[in-house]
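Asker: Okay, handing you the structure first.
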Amino acid sequence: MSREKTQAELEAQFQAKIDAEEKIEPKDWMPEKYRLNVLRQMSQHAHSEVIGMQPEGNWITRAPTLHRKCVLLAKVQDEGGHGLYLYSAAETLGTSREEMNEALHSGRAKYASIFNYPAITWADMGAIGWLVDGAAIVNQVSLQRTSYGPYSRGMVRICKEESFHQRQGYHIMMVLMRGSDAQKQMAQDALNRFWWPSMMMFGPHDAESAHSAQSMKWKIKRQSNDELRQKFVDQSVAQAEEIGLVIPDPDLKWNEERGHYDFGEIDWEEFNQVISGNGPCNRQRLAHHVKAEEEGEWVRDAMAAYETKKRQRSAKAAA
Ligand code: FAQ
């Protein structure tokens, strides 16, 4: 005789599926806390992609050559596309784009702290591509194996594009480092300002991370914040040295025993301030997003009206 499964049985079955490396798909049963946690991370990720268009978007009209302008334009458009994949994937968990935007505007949903720093010179475009996209790839390569199917598949595509972004940024830095003293100084200054905020992108230390333990058990996250941060440091040091840049960390030192670089401590007070809305550009970034949302309302209304009309026409034709 069949009987309803208990919550405990359903959860055990769910965990077994995750342990067997099977993906969780939108219509599968999932614990409510799993749904909310993936949704929280995906919405945070999607908002980061879209808010992240602002610091670089600001430089499209001031790129130093036509070629650099085309590349930057394509990169910024890609970030908008990543936001769209992620919002769509998040919608499979029972939310809407409007709800996610509302949570962003009211401060309930976060986006990556890094985008609250200003981009004040052309070299910042190099530092953002090299370091910010570099950090994003380290994290996203790992997320290609996340347990939620739509998120995982979105990541595969996003990673391909991010690797182009990272190279274009590194190329900007490389060319500046082959230039005049002023250009070299500009590149070093951008690295000095973006290094520590890039390190913060990986979130708090594992021991302080509110969501990590559960997210790792459910394989939403496949590697911890500290593991990924270490990977980023190890890859970035060689890249900096190759072009003559110096990472602004006096404690950075190769540790033979660990086979990794040791590095200094992040300013966690600064991190906490930025994620609480008090970074250098938080208000400006959100205000810009709200304004764009308001100014685009007529386009969304027109699209919705067009869709309604189309449906009415085909219903009439079918009748
Ligand atoms: N910024 O318990 P944990 C990109 C929050 S994409 C702001 O460790 P979790 C491409 C966290 O949300 C960059 N908030 O959290 C691009 C939580 O708060 P909540 C975005 C942060 O989720 C390049 C609280 O602190 N990538 O850059 C940050 O397990 C150039 C406790 O933290 C992703 O979002 C932070 N840095 O681990 C675009 C990747 N760190 O939600 C344009 C997906 C932590 O409870 C231009 N996300 N918080 O209110 C993740 O992998 C994870 O969410 C982590 C944080 C690793 C970011």
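Labeling convention for the structure tokens: chains A, B, ... as they appear, residues from 1 per chain, ligands from 1 in order of appearance.
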Enumerate residues in contact with ligand 1: an atom-to-atom distance of at most 7 Å, counting only C-alpha atoms and all ligand atoms. Format the result as number ranges by chain.
Answerer: A: 40-42, 44-45, 48-50, 52-53, 79, 109-114, 128-129, 132-133, 136, 139-140, 200-204, 206, 209-212, 215, 221, 225, 275
Asker: Those residues you just picked out, can you put them in a file as a PDB file, in the first residue's frame with C-alpha atoms?
Answerer:
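Generated output (again.pdb):
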```pdb
ATOM      1  CA  ARG A  40      19.287  34.256  -2.611  1.00  0.00           C
ATOM      2  CA  GLN A  41      22.645  33.428  -4.184  1.00  0.00           C
ATOM      3  CA  MET A  42      21.372  33.582  -7.769  1.00  0.00           C
ATOM      4  CA  GLN A  44      22.724  38.315  -5.606  1.00  0.00           C
ATOM      5  CA  HIS A  45      24.738  37.037  -8.552  1.00  0.00           C
ATOM      6  CA  SER A  48      26.029  41.874  -9.406  1.00  0.00           C
ATOM      7  CA  GLU A  49      26.222  41.325 -13.147  1.00  0.00           C
ATOM      8  CA  VAL A  50      23.810  44.157 -13.877  1.00  0.00           C
ATOM      9  CA  GLY A  52      28.572  45.668 -12.422  1.00  0.00           C
ATOM     10  CA  MET A  53      27.851  47.229 -15.818  1.00  0.00           C
ATOM     11  CA  GLU A  79      27.477  41.373 -18.365  1.00  0.00           C
ATOM     12  CA  ALA A 109      18.987  41.758  -1.765  1.00  0.00           C
ATOM     13  CA  LYS A 110      22.713  42.285  -2.081  1.00  0.00           C
ATOM     14  CA  TYR A 111      25.147  42.559  -4.996  1.00  0.00           C
ATOM     15  CA  ALA A 112      28.923  42.158  -5.045  1.00  0.00           C
ATOM     16  CA  SER A 113      30.690  44.708  -2.864  1.00  0.00           C
ATOM     17  CA  ILE A 114      33.318  45.410  -5.534  1.00  0.00           C
ATOM     18  CA  ILE A 128      38.444  45.369 -13.298  1.00  0.00           C
ATOM     19  CA  GLY A 129      38.793  42.991 -16.241  1.00  0.00           C
ATOM     20  CA  VAL A 132      37.295  41.440 -10.866  1.00  0.00           C
ATOM     21  CA  ASP A 133      36.510  39.163 -13.799  1.00  0.00           C
ATOM     22  CA  ALA A 136      34.522  36.055 -10.776  1.00  0.00           C
ATOM     23  CA  ASN A 139      34.229  31.432  -8.329  1.00  0.00           C
ATOM     24  CA  GLN A 140      32.129  30.647 -11.402  1.00  0.00           C
ATOM     25  CA  MET A 200      36.649  40.718  -0.610  1.00  0.00           C
ATOM     26  CA  MET A 201      34.589  39.346  -3.506  1.00  0.00           C
ATOM     27  CA  PHE A 202      34.968  35.837  -2.079  1.00  0.00           C
ATOM     28  CA  GLY A 203      33.077  36.792   1.084  1.00  0.00           C
ATOM     29  CA  PRO A 204      33.915  36.328   4.770  1.00  0.00           C
ATOM     30  CA  ASP A 206      34.771  30.204   6.117  1.00  0.00           C
ATOM     31  CA  SER A 209      30.350  32.602   6.602  1.00  0.00           C
ATOM     32  CA  ALA A 210      26.666  32.292   7.535  1.00  0.00           C
ATOM     33  CA  HIS A 211      25.595  30.157   4.574  1.00  0.00           C
ATOM     34  CA  SER A 212      28.687  28.130   3.680  1.00  0.00           C
ATOM     35  CA  SER A 215      25.512  25.471   0.938  1.00  0.00           C
ATOM     36  CA  LYS A 221      28.788  25.932  -3.360  1.00  0.00           C
ATOM     37  CA  ASN A 225      35.196  31.202   0.258  1.00  0.00           C
ATOM     38  CA  ILE A 275      27.883  45.417   2.186  1.00  0.00           C
TER      39      ILE A 275
END
```
Asker: Can you list, as a VMD selection string, all residues belonging to segment 107-306 of chain A that DSSP tags as alpha helix (DSSP H)?
Answerer: chain A and resid 123 to 127 133 to 143 149 to 177 181 to 200 212 to 217 225 to 243 268 to 273 282 to 295 297 to 306
Asker: Find, counting only C-alpha atoms, the residue in A:Tyr306, A:Tyr117, A:Trp59, A:Tyr34 that gets nearest to Trp196 of chain A.
Answerer: A:Tyr117
Asker: With only C-alpha atoms as the atoms that count, which of A:Leu93, A:Val290, A:His205, A:Ala319 lies nearest to Gln230 of chain A?
Answerer: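 Ranking A:Leu93, A:Val290, A:His205, A:Ala319 by distance to Gln230 of chain A, first place goes to A:His205.
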Asker: Expressed in Å to a single decimal, how great is the separation between atom CA of Asn272 of chain A and atom CA of Gln188 of chain A?
Answerer: 25.9 Å
Asker: Out of A:Glu98, A:Glu297, A:Glu265, A:Glu25, which residue has the shortest atom-to-atom distance to Pro150 of chain A when counting only C-alpha atoms?
Answerer: A:Glu25
Asker: What's around Gln77 of chain A at 10 Å? Count only C-alpha atoms, leave out sequence neighbours fewer than 5 positions away in its own chain, and write the answer as number ranges by chain.
Answerer: A: 50, 53, 57, 71-72, 82-83
Asker: Which residue out of A:Leu228, A:Met216, A:Ala12, A:Ala119 has the minimum interatomic distance to Ser142 of chain A when only C-alpha atoms are used?
Answerer: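 Closest candidate: A:Leu228.
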Asker: For Leu286 of chain A, please output as a VMD selection string all residues within 9 Å (counting only C-alpha atoms; exclusion window: fewer than 3 positions along the same chain).
Answerer: chain A and resid 51 104 to 105 281 to 283 289 to 291
Asker: Could you give me, as a ChimeraX atom specification, the residues within 10 Å of segment 245-260 of chain A, counting only C-alpha atoms and dropping anything in the same chain fewer than 4 positions from it?
Answerer: /A:173-174,177,184-185,187-189,191-196,230-231,233-241,264-265
Asker: Please produce a file of those selected residues containing N, CA, C and O atoms, as a compact mmCIF listing (two decimals), in the first residue's frame.
Answerer:
```txt
# COMPACT_ATOMS: atom_id res chain seq x y z
N MET A 173 46.29 46.15 -18.97
CA MET A 173 47.37 46.34 -17.99
C MET A 173 48.73 46.10 -18.65
O MET A 173 49.68 46.84 -18.43
N MET A 174 48.80 45.07 -19.48
CA MET A 174 50.06 44.71 -20.15
C MET A 174 50.55 45.86 -21.02
O MET A 174 51.72 46.25 -20.97
N MET A 177 51.76 48.78 -19.00
CA MET A 177 53.07 48.49 -18.38
C MET A 177 54.22 48.52 -19.37
O MET A 177 55.37 48.51 -18.99
N LYS A 184 52.59 53.46 -16.52
CA LYS A 184 52.93 52.39 -15.57
C LYS A 184 52.38 52.73 -14.19
O LYS A 184 51.83 51.88 -13.49
N GLN A 185 52.53 53.98 -13.83
CA GLN A 185 52.05 54.42 -12.52
C GLN A 185 50.53 54.30 -12.42
O GLN A 185 49.98 53.93 -11.39
N ALA A 187 48.68 52.14 -14.01
CA ALA A 187 48.33 50.72 -13.87
C ALA A 187 48.56 50.25 -12.43
O ALA A 187 47.72 49.57 -11.83
N GLN A 188 49.70 50.67 -11.86
CA GLN A 188 50.00 50.25 -10.48
C GLN A 188 48.97 50.84 -9.50
O GLN A 188 48.52 50.15 -8.58
N ASP A 189 48.59 52.07 -9.75
CA ASP A 189 47.61 52.73 -8.88
C ASP A 189 46.25 52.00 -8.93
O ASP A 189 45.58 51.82 -7.90
N LEU A 191 45.83 48.83 -9.62
CA LEU A 191 46.01 47.58 -8.88
C LEU A 191 45.93 47.85 -7.37
O LEU A 191 45.27 47.11 -6.63
N ASN A 192 46.59 48.93 -6.93
CA ASN A 192 46.58 49.25 -5.50
C ASN A 192 45.15 49.44 -4.98
O ASN A 192 44.82 49.02 -3.88
N ARG A 193 44.31 50.08 -5.79
CA ARG A 193 42.94 50.35 -5.32
C ARG A 193 42.01 49.15 -5.46
O ARG A 193 41.06 48.99 -4.70
N PHE A 194 42.27 48.30 -6.47
CA PHE A 194 41.32 47.19 -6.71
C PHE A 194 41.71 45.86 -6.08
O PHE A 194 40.90 44.94 -6.05
N TRP A 195 42.96 45.76 -5.59
CA TRP A 195 43.40 44.45 -5.07
C TRP A 195 42.54 43.99 -3.89
O TRP A 195 41.94 42.91 -3.91
N TRP A 196 42.48 44.82 -2.85
CA TRP A 196 41.78 44.36 -1.64
C TRP A 196 40.27 44.22 -1.86
O TRP A 196 39.68 43.21 -1.44
N GLN A 230 42.21 31.76 -2.04
CA GLN A 230 43.60 31.31 -2.15
C GLN A 230 43.96 31.04 -3.62
O GLN A 230 45.03 31.41 -4.09
N LYS A 231 43.06 30.41 -4.32
CA LYS A 231 43.27 30.11 -5.73
C LYS A 231 43.51 31.41 -6.52
O LYS A 231 44.38 31.51 -7.39
N VAL A 233 44.60 34.32 -5.35
CA VAL A 233 45.90 34.92 -5.00
C VAL A 233 47.00 34.18 -5.77
O VAL A 233 47.84 34.80 -6.42
N ASP A 234 46.98 32.86 -5.71
CA ASP A 234 48.05 32.08 -6.35
C ASP A 234 48.15 32.38 -7.84
O ASP A 234 49.24 32.49 -8.38
N GLN A 235 47.03 32.53 -8.51
CA GLN A 235 47.10 32.79 -9.96
C GLN A 235 47.48 34.25 -10.27
O GLN A 235 48.16 34.52 -11.24
N SER A 236 47.07 35.18 -9.39
CA SER A 236 47.29 36.59 -9.69
C SER A 236 48.74 37.02 -9.48
O SER A 236 49.22 37.92 -10.19
N VAL A 237 49.43 36.42 -8.52
CA VAL A 237 50.80 36.86 -8.23
C VAL A 237 51.69 36.69 -9.47
O VAL A 237 52.38 37.62 -9.88
N ALA A 238 51.61 35.53 -10.09
CA ALA A 238 52.45 35.28 -11.27
C ALA A 238 52.08 36.24 -12.40
O ALA A 238 52.95 36.75 -13.12
N GLN A 239 50.78 36.50 -12.55
CA GLN A 239 50.34 37.40 -13.62
C GLN A 239 50.86 38.82 -13.38
O GLN A 239 51.29 39.51 -14.31
N ALA A 240 50.85 39.27 -12.13
CA ALA A 240 51.35 40.61 -11.80
C ALA A 240 52.85 40.68 -12.08
O ALA A 240 53.34 41.62 -12.74
N GLU A 241 53.58 39.68 -11.60
CA GLU A 241 55.04 39.69 -11.76
C GLU A 241 55.43 39.71 -13.23
O GLU A 241 56.36 40.41 -13.63
N GLY A 264 48.13 38.89 3.53
CA GLY A 264 47.70 39.69 4.67
C GLY A 264 46.19 39.61 4.90
O GLY A 264 45.46 38.99 4.13
N GLU A 265 45.75 40.25 5.96
CA GLU A 265 44.33 40.20 6.34
C GLU A 265 43.54 41.30 5.63
O GLU A 265 44.01 42.43 5.48
```
Asker: What is the atom CA of Gln166 of chain A-atom CA of Ala135 of chain A distance in Å, reported with one decimal?
Answerer: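 Straight-line distance from atom CA of Gln166 of chain A to atom CA of Ala135 of chain A works out to 9.2 Å.
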Asker: I'd like to know which of A:Lys23, A:Glu9, A:Phe115, A:Ile172 is closest to Arg68 of chain A, using only C-alpha atoms.
Answerer: A:Ile172
Asker: When you count only C-alpha atoms, which of these residues is closest to Glu22 of chain A: A:Ser163, A:Asp262, A:Leu84, A:Gly149?
Answerer: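 Comparing A:Ser163, A:Asp262, A:Leu84, A:Gly149 against Glu22 of chain A, the winner is A:Gly149.
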Asker: Which residues, written as a ChimeraX atom specification, have at least one atom at most 9 Å from Pro118 of chain A, with only C-alpha atoms counted and residues fewer than 6 positions away on the same chain left out?
Answerer: /A:55,124,280-281
Asker: Given the selection you just returned, output its residues as a file containing all heavy atoms, formatted as a tab-separated table (two decimals), in the first residue's frame.
Answerer:
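Heads up, here's the output in selection_24.tsv:
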```tsv
chain	number	residue	atom	x	y	z
A	55	PRO	N	30.34	50.67	-13.47
A	55	PRO	CA	31.69	51.26	-13.47
A	55	PRO	C	32.35	51.24	-14.84
A	55	PRO	O	33.04	52.19	-15.23
A	55	PRO	CB	32.47	50.38	-12.48
A	55	PRO	CG	31.45	49.62	-11.70
A	55	PRO	CD	30.20	49.58	-12.51
A	124	ASP	N	41.70	51.52	-14.57
A	124	ASP	CA	40.71	50.78	-13.77
A	124	ASP	C	39.96	49.77	-14.64
A	124	ASP	O	39.49	48.74	-14.14
A	124	ASP	CB	39.72	51.74	-13.11
A	124	ASP	CG	40.39	52.58	-12.01
A	124	ASP	OD1	41.62	52.48	-11.86
A	124	ASP	OD2	39.68	53.33	-11.32
A	280	PRO	N	31.82	53.62	-1.04
A	280	PRO	CA	31.95	54.91	-1.74
A	280	PRO	C	30.84	55.18	-2.76
A	280	PRO	O	30.47	56.33	-2.97
A	280	PRO	CB	33.31	54.83	-2.43
A	280	PRO	CG	34.00	53.62	-1.89
A	280	PRO	CD	33.01	52.78	-1.15
A	281	CYS	N	30.31	54.13	-3.43
A	281	CYS	CA	29.33	54.41	-4.51
A	281	CYS	C	27.99	53.70	-4.32
A	281	CYS	O	27.19	53.67	-5.27
A	281	CYS	CB	29.91	53.98	-5.86
A	281	CYS	SG	31.41	54.82	-6.32
```
